[in-house]
$ cat input-v2.txt   # compact mmCIF, C-alpha atoms
# COMPACT_ATOMS: atom_id res chain seq x y z
CA MET A 1 -37.53 -4.53 -9.80
CA GLU A 2 -36.15 -1.37 -11.36
CA TYR A 3 -33.87 -0.88 -8.33
CA ILE A 4 -32.59 -4.45 -8.64
CA LEU A 5 -31.80 -3.91 -12.31
CA GLN A 6 -30.04 -0.63 -11.55
CA PHE A 7 -28.02 -2.25 -8.78
CA ALA A 8 -27.15 -5.13 -11.12
CA ARG A 9 -25.87 -2.65 -13.74
CA ILE A 10 -23.68 -0.96 -11.11
CA LEU A 11 -22.38 -4.37 -10.02
CA GLY A 12 -21.55 -5.04 -13.67
CA PHE A 13 -19.21 -2.06 -13.61
CA CYS A 14 -17.78 -3.23 -10.27
CA LEU A 15 -17.06 -6.60 -11.85
CA ALA A 16 -15.40 -4.97 -14.87
CA GLY A 17 -13.35 -2.86 -12.43
CA GLU A 18 -12.28 -5.97 -10.55
CA ALA A 19 -11.33 -7.63 -13.84
CA LEU A 20 -9.15 -4.65 -14.82
CA HIS A 21 -7.58 -4.65 -11.36
CA PHE A 22 -6.79 -8.33 -11.83
CA LEU A 23 -5.41 -7.93 -15.34
CA LEU A 24 -3.45 -4.68 -15.13
CA PRO A 25 -0.25 -4.63 -13.01
CA LEU A 26 -1.02 -1.17 -11.57
CA PRO A 27 -1.68 -0.37 -7.89
CA VAL A 28 -5.08 1.09 -8.86
CA PRO A 29 -8.02 -0.39 -6.94
CA ALA A 30 -11.07 -1.97 -8.56
CA SER A 31 -13.35 0.83 -7.30
CA ILE A 32 -11.47 3.45 -9.31
CA TYR A 33 -11.53 1.36 -12.49
CA GLY A 34 -15.27 0.73 -11.98
CA LEU A 35 -15.98 4.42 -11.35
CA LEU A 36 -14.04 5.46 -14.45
CA LEU A 37 -15.66 2.75 -16.60
CA MET A 38 -19.18 3.75 -15.53
CA PHE A 39 -18.29 7.40 -16.06
CA ILE A 40 -17.01 6.67 -19.58
CA ALA A 41 -20.17 4.65 -20.32
CA LEU A 42 -22.31 7.60 -19.19
CA GLN A 43 -20.21 10.14 -21.04
CA THR A 44 -20.31 8.23 -24.35
CA GLY A 45 -24.08 7.80 -24.05
CA TRP A 46 -23.78 4.02 -23.96
CA LEU A 47 -25.36 4.04 -20.49
CA LYS A 48 -28.34 6.33 -19.90
CA PRO A 49 -28.09 8.03 -16.47
CA GLU A 50 -31.70 7.05 -15.59
CA ARG A 51 -30.60 3.40 -15.75
CA VAL A 52 -28.35 3.71 -12.70
CA LYS A 53 -29.39 7.02 -11.12
CA ALA A 54 -31.86 5.94 -8.41
CA ALA A 55 -29.70 3.07 -7.09
CA SER A 56 -26.60 5.31 -7.20
CA ALA A 57 -28.37 8.05 -5.26
CA PHE A 58 -29.37 5.48 -2.63
CA LEU A 59 -25.84 4.06 -2.32
CA ILE A 60 -24.33 7.54 -2.02
CA ALA A 61 -26.92 8.58 0.59
CA VAL A 62 -26.05 5.62 2.84
CA PHE A 63 -22.28 5.94 2.31
CA PRO A 64 -21.48 7.06 5.91
CA ILE A 65 -23.11 3.93 7.37
CA MET A 66 -20.59 1.78 5.50
CA PHE A 67 -17.71 3.41 7.38
CA VAL A 68 -19.05 2.45 10.82
CA PRO A 69 -17.53 -1.08 10.90
CA GLY A 70 -14.11 0.31 9.93
CA THR A 71 -14.34 3.05 12.55
CA VAL A 72 -15.25 0.54 15.26
CA GLY A 73 -11.97 -1.23 14.39
CA VAL A 74 -10.28 1.46 16.47
CA MET A 75 -11.15 -0.63 19.56
CA GLU A 76 -8.50 -3.19 18.59
CA LEU A 77 -5.80 -0.59 18.17
CA TRP A 78 -5.72 1.26 21.48
CA ASP A 79 -2.10 0.19 22.18
CA VAL A 80 -0.82 1.15 18.74
CA LEU A 81 -2.81 4.38 18.83
CA ALA A 82 -1.55 5.28 22.30
CA GLY A 83 2.03 5.10 21.03
CA LEU A 84 1.25 7.10 17.91
CA TRP A 85 -1.15 9.73 19.25
CA ALA A 86 1.05 12.72 18.40
CA PRO A 87 1.72 11.88 14.71
CA ILE A 88 -1.94 10.78 14.35
CA LEU A 89 -3.18 14.14 15.64
CA LEU A 90 -0.76 15.95 13.34
CA ALA A 91 -1.78 13.79 10.36
CA VAL A 92 -5.51 14.18 11.03
CA PHE A 93 -5.59 17.95 11.61
CA PRO A 94 -2.65 20.01 10.24
CA VAL A 95 -1.91 17.70 7.30
CA THR A 96 -5.61 17.57 6.34
CA ALA A 97 -5.76 21.37 6.58
CA LEU A 98 -2.61 21.58 4.41
CA VAL A 99 -4.13 19.33 1.72
CA PHE A 100 -7.35 21.36 1.83
CA ALA A 101 -5.50 24.67 1.56
CA VAL A 102 -3.17 23.52 -1.24
CA ALA A 103 -5.89 21.84 -3.34
CA GLY A 104 -8.36 24.69 -2.74
CA HIS A 105 -5.94 27.51 -3.44
CA VAL A 106 -4.22 25.97 -6.46
CA THR A 107 -7.63 25.26 -8.03
CA GLN A 108 -8.97 28.70 -7.15
CA PHE A 109 -5.79 30.40 -8.38
CA LEU A 110 -5.86 28.58 -11.72
CA LEU A 111 -9.58 29.28 -12.17
CA ARG A 112 -9.27 32.97 -11.46
CA GLY A 113 -5.84 33.56 -12.86
CA ARG A 114 -5.04 35.60 -9.79
CA LYS A 115 -4.45 35.01 -6.08
CA ASP A 116 -7.50 35.26 -3.85
CA ASP A 117 -5.69 36.96 -1.00
CA MET B 118 -24.71 -14.81 23.93
CA ILE B 119 -21.54 -15.15 21.83
CA ASP B 120 -22.87 -18.45 20.46
CA PHE B 121 -26.11 -16.81 19.44
CA LEU B 122 -24.31 -13.84 17.88
CA SER B 123 -21.95 -15.99 15.87
CA SER B 124 -24.95 -17.94 14.56
CA SER B 125 -26.94 -14.80 13.75
CA ALA B 126 -26.42 -13.42 10.27
CA VAL B 127 -27.96 -10.00 10.82
CA TRP B 128 -26.98 -8.59 14.21
CA GLY B 129 -23.97 -6.61 12.97
CA VAL B 130 -25.99 -4.87 10.28
CA ALA B 131 -28.96 -4.35 12.62
CA LEU B 132 -26.71 -2.90 15.33
CA THR B 133 -24.98 -0.60 12.83
CA LEU B 134 -28.25 0.70 11.32
CA GLY B 135 -29.84 1.08 14.76
CA THR B 136 -26.92 2.99 16.26
CA PHE B 137 -26.60 5.09 13.12
CA ALA B 138 -30.27 6.09 13.45
CA LEU B 139 -29.56 6.85 17.12
CA GLY B 140 -26.54 8.86 16.00
CA ARG B 141 -28.80 10.98 13.80
CA VAL B 142 -31.13 11.56 16.77
CA VAL B 143 -28.11 12.64 18.85
CA GLN B 144 -26.93 14.88 16.00
CA ARG B 145 -30.32 16.64 15.84
CA ALA B 146 -31.04 16.75 19.57
CA ALA B 147 -27.61 18.24 20.29
CA ARG B 148 -28.12 20.68 17.39
CA LEU B 149 -24.64 19.87 16.17
CA PRO B 150 -24.94 19.50 12.39
CA TRP B 151 -21.19 18.81 12.14
CA LEU B 152 -21.50 15.79 14.43
CA ASN B 153 -21.50 13.03 11.84
CA PRO B 154 -23.77 10.18 13.11
CA LEU B 155 -20.78 7.95 12.36
CA ILE B 156 -19.09 9.17 15.56
CA PRO B 157 -21.87 8.47 18.12
CA ALA B 158 -22.79 5.24 16.26
CA SER B 159 -19.22 3.92 16.41
CA ALA B 160 -18.77 5.04 20.02
CA ILE B 161 -21.96 3.23 21.11
CA ILE B 162 -20.92 0.05 19.29
CA ILE B 163 -17.42 0.14 20.83
CA VAL B 164 -18.93 0.53 24.33
CA LEU B 165 -21.45 -2.28 23.71
CA LEU B 166 -18.86 -4.70 22.33
CA THR B 167 -16.48 -3.91 25.18
CA VAL B 168 -19.12 -4.22 27.93
CA LEU B 169 -20.60 -7.44 26.49
CA ASN B 170 -17.10 -8.77 25.78
CA ILE B 171 -17.83 -9.45 22.11
CA PRO B 172 -14.73 -9.64 19.87
CA TYR B 173 -14.47 -6.98 17.16
CA ALA B 174 -13.90 -9.75 14.60
CA ASP B 175 -17.44 -11.09 15.26
CA TYR B 176 -19.00 -7.67 14.71
CA LYS B 177 -16.84 -7.09 11.64
CA ALA B 178 -17.86 -10.43 10.12
CA SER B 179 -21.53 -9.80 10.85
CA SER B 180 -21.47 -6.30 9.31
CA THR B 181 -19.82 -7.48 6.07
CA PRO B 182 -22.99 -6.79 4.02
CA LEU B 183 -22.48 -3.07 4.75
CA THR B 184 -18.79 -2.94 3.86
CA TYR B 185 -19.66 -4.97 0.76
CA LEU B 186 -21.53 -1.89 -0.47
CA LEU B 187 -18.37 0.25 -0.42
CA LEU B 188 -17.31 -0.91 -3.88
CA PRO B 189 -20.65 -0.32 -5.68
CA ALA B 190 -21.13 2.95 -3.75
CA THR B 191 -17.71 4.22 -4.85
CA VAL B 192 -18.53 3.21 -8.44
CA ALA B 193 -21.91 4.99 -8.09
CA LEU B 194 -20.04 8.27 -7.57
CA ALA B 195 -19.69 8.24 -11.37
CA VAL B 196 -23.29 9.54 -11.59
CA PRO B 197 -22.89 12.89 -9.73
CA LEU B 198 -19.51 13.21 -11.45
CA TYR B 199 -21.13 12.75 -14.87
CA GLU B 200 -23.95 15.15 -14.05
CA ALA B 201 -21.61 18.07 -13.38
CA TRP B 202 -19.01 17.14 -15.98
CA GLY B 203 -20.53 19.44 -18.61
CA LYS B 204 -20.27 22.39 -16.25
CA LEU B 205 -16.72 21.51 -15.30
CA GLN B 206 -15.24 20.82 -18.71
CA SER B 207 -13.35 24.09 -19.17
CA LYS B 208 -12.28 23.97 -15.52
CA LEU B 209 -10.92 20.41 -15.55
CA PRO B 210 -7.21 21.29 -15.94
CA ALA B 211 -7.39 23.63 -12.93
CA ILE B 212 -9.29 21.02 -10.87
CA ILE B 213 -6.95 18.15 -11.70
CA ILE B 214 -3.78 20.20 -11.11
CA GLY B 215 -5.24 21.53 -7.83
CA ILE B 216 -6.19 18.06 -6.58
CA GLY B 217 -2.81 16.67 -7.71
CA ALA B 218 -0.98 19.40 -5.79
CA GLY B 219 -3.08 18.62 -2.70
CA ALA B 220 -2.44 14.86 -2.99
CA ILE B 221 1.31 15.34 -3.39
CA SER B 222 1.54 17.72 -0.42
CA GLY B 223 -0.51 15.31 1.71
CA VAL B 224 1.60 12.22 0.95
CA ALA B 225 4.84 14.23 1.33
CA ALA B 226 3.73 15.75 4.65
CA SER B 227 2.68 12.32 5.98
CA PHE B 228 6.03 10.91 4.87
CA LEU B 229 7.92 13.66 6.72
CA LEU B 230 5.74 13.10 9.78
CA ALA B 231 6.59 9.38 9.78
CA LYS B 232 10.30 10.20 9.42
CA LEU B 233 10.16 12.85 12.16
CA PHE B 234 8.59 10.43 14.67
CA ALA B 235 10.66 7.47 13.40
CA ILE B 236 7.51 5.38 12.99
CA PRO B 237 8.23 1.74 12.01
CA LYS B 238 7.43 1.04 8.36
CA GLU B 239 4.41 -1.26 8.90
CA HIS B 240 2.66 1.60 10.74
CA ALA B 241 4.17 4.48 8.74
CA VAL B 242 2.75 3.12 5.47
CA GLY B 243 -0.78 3.56 6.84
CA PHE B 244 -0.20 7.31 7.16
CA LEU B 245 0.53 7.88 3.46
CA PRO B 246 -2.92 7.24 1.91
CA LYS B 247 -4.85 8.85 4.79
CA SER B 248 -6.61 11.36 2.54
CA VAL B 249 -7.98 8.85 0.02
CA THR B 250 -11.11 6.73 0.05
CA THR B 251 -11.07 3.66 2.34
CA ALA B 252 -11.24 1.17 -0.54
CA ILE B 253 -8.11 2.64 -2.16
CA GLY B 254 -6.27 3.27 1.11
CA ILE B 255 -6.71 -0.37 2.18
CA ASP B 256 -5.38 -1.68 -1.14
CA VAL B 257 -2.43 0.71 -1.16
CA THR B 258 -1.50 -0.09 2.45
CA ALA B 259 -1.82 -3.86 1.98
CA GLU B 260 0.23 -3.72 -1.21
CA LEU B 261 3.06 -1.95 0.67
CA GLY B 262 2.99 -4.32 3.65
CA GLY B 263 1.37 -1.88 6.04
CA HIS B 264 -1.06 -2.23 8.95
CA VAL B 265 -4.49 -2.09 7.26
CA SER B 266 -6.54 -1.40 10.43
CA LEU B 267 -4.35 1.58 11.32
CA ALA B 268 -4.80 2.91 7.77
CA ILE B 269 -8.59 2.59 8.13
CA VAL B 270 -8.54 4.49 11.42
CA LEU B 271 -6.42 7.28 9.92
CA ILE B 272 -8.59 7.44 6.79
CA VAL B 273 -11.83 7.52 8.78
CA LEU B 274 -10.50 10.12 11.26
CA THR B 275 -9.18 12.25 8.38
CA GLY B 276 -12.50 11.91 6.59
CA ILE B 277 -14.45 12.92 9.69
CA ALA B 278 -12.06 15.85 10.30
CA GLY B 279 -12.51 16.98 6.69
CA ASN B 280 -16.29 16.52 6.85
CA VAL B 281 -16.66 18.31 10.18
CA LEU B 282 -14.16 21.11 9.44
CA ALA B 283 -14.95 21.63 5.72
CA VAL B 284 -17.06 24.74 6.26
CA LEU B 285 -14.55 26.19 8.74
CA PHE B 286 -11.64 25.43 6.38
CA CYS B 287 -13.45 27.17 3.51
CA ARG B 288 -13.73 30.31 5.63
CA MET B 289 -10.29 30.01 7.26
CA PHE B 290 -8.40 29.53 3.98
CA ARG B 291 -10.75 31.81 2.03
CA VAL B 292 -11.70 29.14 -0.48
CA THR B 293 -14.87 30.74 -1.84
CA ASP B 294 -15.27 29.20 -5.29
CA SER B 295 -17.65 26.18 -5.42
CA VAL B 296 -15.32 24.24 -7.72
CA ALA B 297 -12.26 24.93 -5.54
CA ARG B 298 -14.25 23.97 -2.42
CA GLY B 299 -15.20 20.62 -3.95
CA ALA B 300 -11.60 19.97 -5.03
CA ALA B 301 -10.27 20.83 -1.57
CA ILE B 302 -12.85 18.76 0.33
CA GLY B 303 -12.50 15.70 -1.91
CA ALA B 304 -8.69 15.88 -2.00
CA CYS B 305 -8.30 16.08 1.79
CA SER B 306 -11.18 13.92 3.02
CA HIS B 307 -12.32 11.50 0.27
CA ALA B 308 -15.81 9.97 0.40
CA ILE B 309 -16.62 11.01 3.99
CA GLY B 310 -15.81 14.61 3.12
CA THR B 311 -17.71 14.25 -0.15
CA THR B 312 -20.94 13.58 1.75
CA LYS B 313 -20.48 17.09 3.20
CA ALA B 314 -19.59 18.51 -0.23
CA LEU B 315 -22.83 16.99 -1.62
CA GLU B 316 -24.72 18.85 1.14
CA LEU B 317 -23.01 22.14 0.24
CA GLY B 318 -24.07 21.95 -3.38
CA GLU B 319 -24.24 20.00 -6.62
CA THR B 320 -21.00 21.50 -7.98
CA GLU B 321 -19.12 20.93 -4.72
CA GLY B 322 -20.37 17.33 -4.64
CA ALA B 323 -19.43 16.60 -8.23
CA VAL B 324 -15.95 18.08 -7.98
CA SER B 325 -15.42 16.28 -4.67
CA SER B 326 -16.48 12.98 -6.31
CA LEU B 327 -14.01 13.68 -9.09
CA ALA B 328 -11.37 14.40 -6.44
CA ILE B 329 -11.89 10.95 -4.87
CA ALA B 330 -10.91 9.35 -8.18
CA VAL B 331 -8.14 11.78 -9.11
CA ALA B 332 -6.57 12.00 -5.64
CA GLY B 333 -6.96 8.21 -5.29
CA VAL B 334 -5.11 7.41 -8.50
CA ILE B 335 -2.35 9.98 -7.89
CA THR B 336 -1.88 8.82 -4.30
CA ALA B 337 -1.82 5.16 -5.33
CA VAL B 338 1.08 5.99 -7.67
CA LEU B 339 2.89 8.23 -5.15
CA CYS B 340 2.69 5.92 -2.14
CA PRO B 341 5.00 3.15 -3.44
CA LEU B 342 7.60 5.85 -4.31
CA PHE B 343 7.49 7.37 -0.82
CA ALA B 344 7.17 4.02 0.96
CA SER B 345 10.51 2.86 -0.44
CA GLY B 346 12.11 5.71 1.52
CA LEU B 347 10.47 4.82 4.88
$ encode --input "input-v2.txt" --output "structure tokens"
Amino acid sequence: MEYILQFARILGFCLAGEALHFLLPLPVPASIYGLLLMFIALQTGWLKPERVKAASAFLIAVFPIMFVPGTVGVMELWDVLAGLWAPILLAVFPVTALVFAVAGHVTQFLLRGRKDD
Amino acid sequence: MIDFLSSSAVWGVALTLGTFALGRVVQRAARLPWLNPLIPASAIIIVLLTVLNIPYADYKASSTPLTYLLLPATVALAVPLYEAWGKLQSKLPAIIIGIGAGAISGVAASFLLAKLFAIPKEHAVGFLPKSVTTAIGIDVTAELGGHVSLAIVLIVLTGIAGNVLAVLFCRMFRVTDSVARGAAIGACSHAIGTTKALELGETEGAVSSLAIAVAGVITAVLCPLFASGL
């Protein structure tokens, strides 16, 4: 029962996120509004972490399973993918490495106040 | 067979859970910790659907209960974020600027890539949000009139690349600080990368969770600006 209640509380924040997404004319998805709302609720002490913690831990643990259906969608896109294989490879590897390097180094540089290398 | 499957409400979920469990067995048996079970699971399902001549749409419809969990699971990331917030407080400006710089360079690089290869707009749009979480990337792509399935493929591939290569990238780019590692992993590979960051440590996981939100919001604002130039 406790899990059900915890899940229901999380869904409450999802619903609030969907409402904000519906009301505000910004291209910000419901999931981000919901995440921020639940975070604010936790931060202000309005929501005790124990009241959502177990269900959250479960949802986060099974996260990768939720991406399987989307990944399988690749089977419908062979033609498109075949025509775009070069930019896809470049986007998936070098661009990802670039984002990693920029985000990692800027953060590290600002934290240390000096360059790492 | 098809008639049975379209009348069955559980086969998509059962198949996904079963192949994911099998994927974990493969991951352990092959002693390849970087081999996310997502890859063997998806490969097995693609082969099965192709061999049995089952349309992807049927599988997709039947696995909806799993994709339904994406929204609450993304919202649930608020908990690890909250738990490390106290530790991060003085470091937040550095984290947010770092993630912002990563998000901008990613969208700009994807934009240049699309221009370089003269990719038609409906496909090019899917490249822009490739480093953000699936839920956000889908919304952004749809809003800009892009090909949603292509965006999902790019997001998932990017996420897997980030997840699989995170440890290598940390070494290669000499990102040694836990906070910077979390920022880098979350900024480049969203929720899929974050599952790796959570394995690396509590701080990495929390910063990476924060990065999903921060990179997601920044990217959602940047994409319409860049898309108008495609």
$ closest_residue --input "input-v2.txt" --among "A:Phe109, A:Asp79, A:Ile60, A:Phe13" --to "Ile40 in chain A" --atoms "only C-alpha atoms"
A:Phe13
$ interface_residues --input "input-v2.txt" --of "chain A" --to "chain B" --cutoff "6 Å" --atoms "all atoms listed in the file" --output "list of chain:residue names"
A:Pro29, A:Ser31, A:Gly34, A:Leu35, A:Phe39, A:Ser56, A:Leu59, A:Ile60, A:Met66, A:Val68, A:Val72, A:Val92, A:Thr96, A:Val99, A:Phe100, A:Val102, A:Ala103, A:Gly104, A:Val106, A:Thr107, A:Gln108, A:Leu110
$ atom_distance --input "input-v2.txt" --atom1 "CA of Met38 in chain A" --atom2 "CA of Thr71 in chain A"
28.5 Å
$ residues_around --input "input-v2.txt" --residues "Glu50 in chain A" --least-positions-apart "5" --cutoff "12 Å" --atoms "all atoms listed in the file" --output "count of residues only"
12
$ atom_distance --input "input-v2.txt" --atom1 "CA of Ala259 in chain B" --atom2 "CA of Gly243 in chain B"
8.9 Å
$ atom_distance --input "input-v2.txt" --atom1 "CA of Ile10 in chain A" --atom2 "CA of Val52 in chain A"
6.8 Å
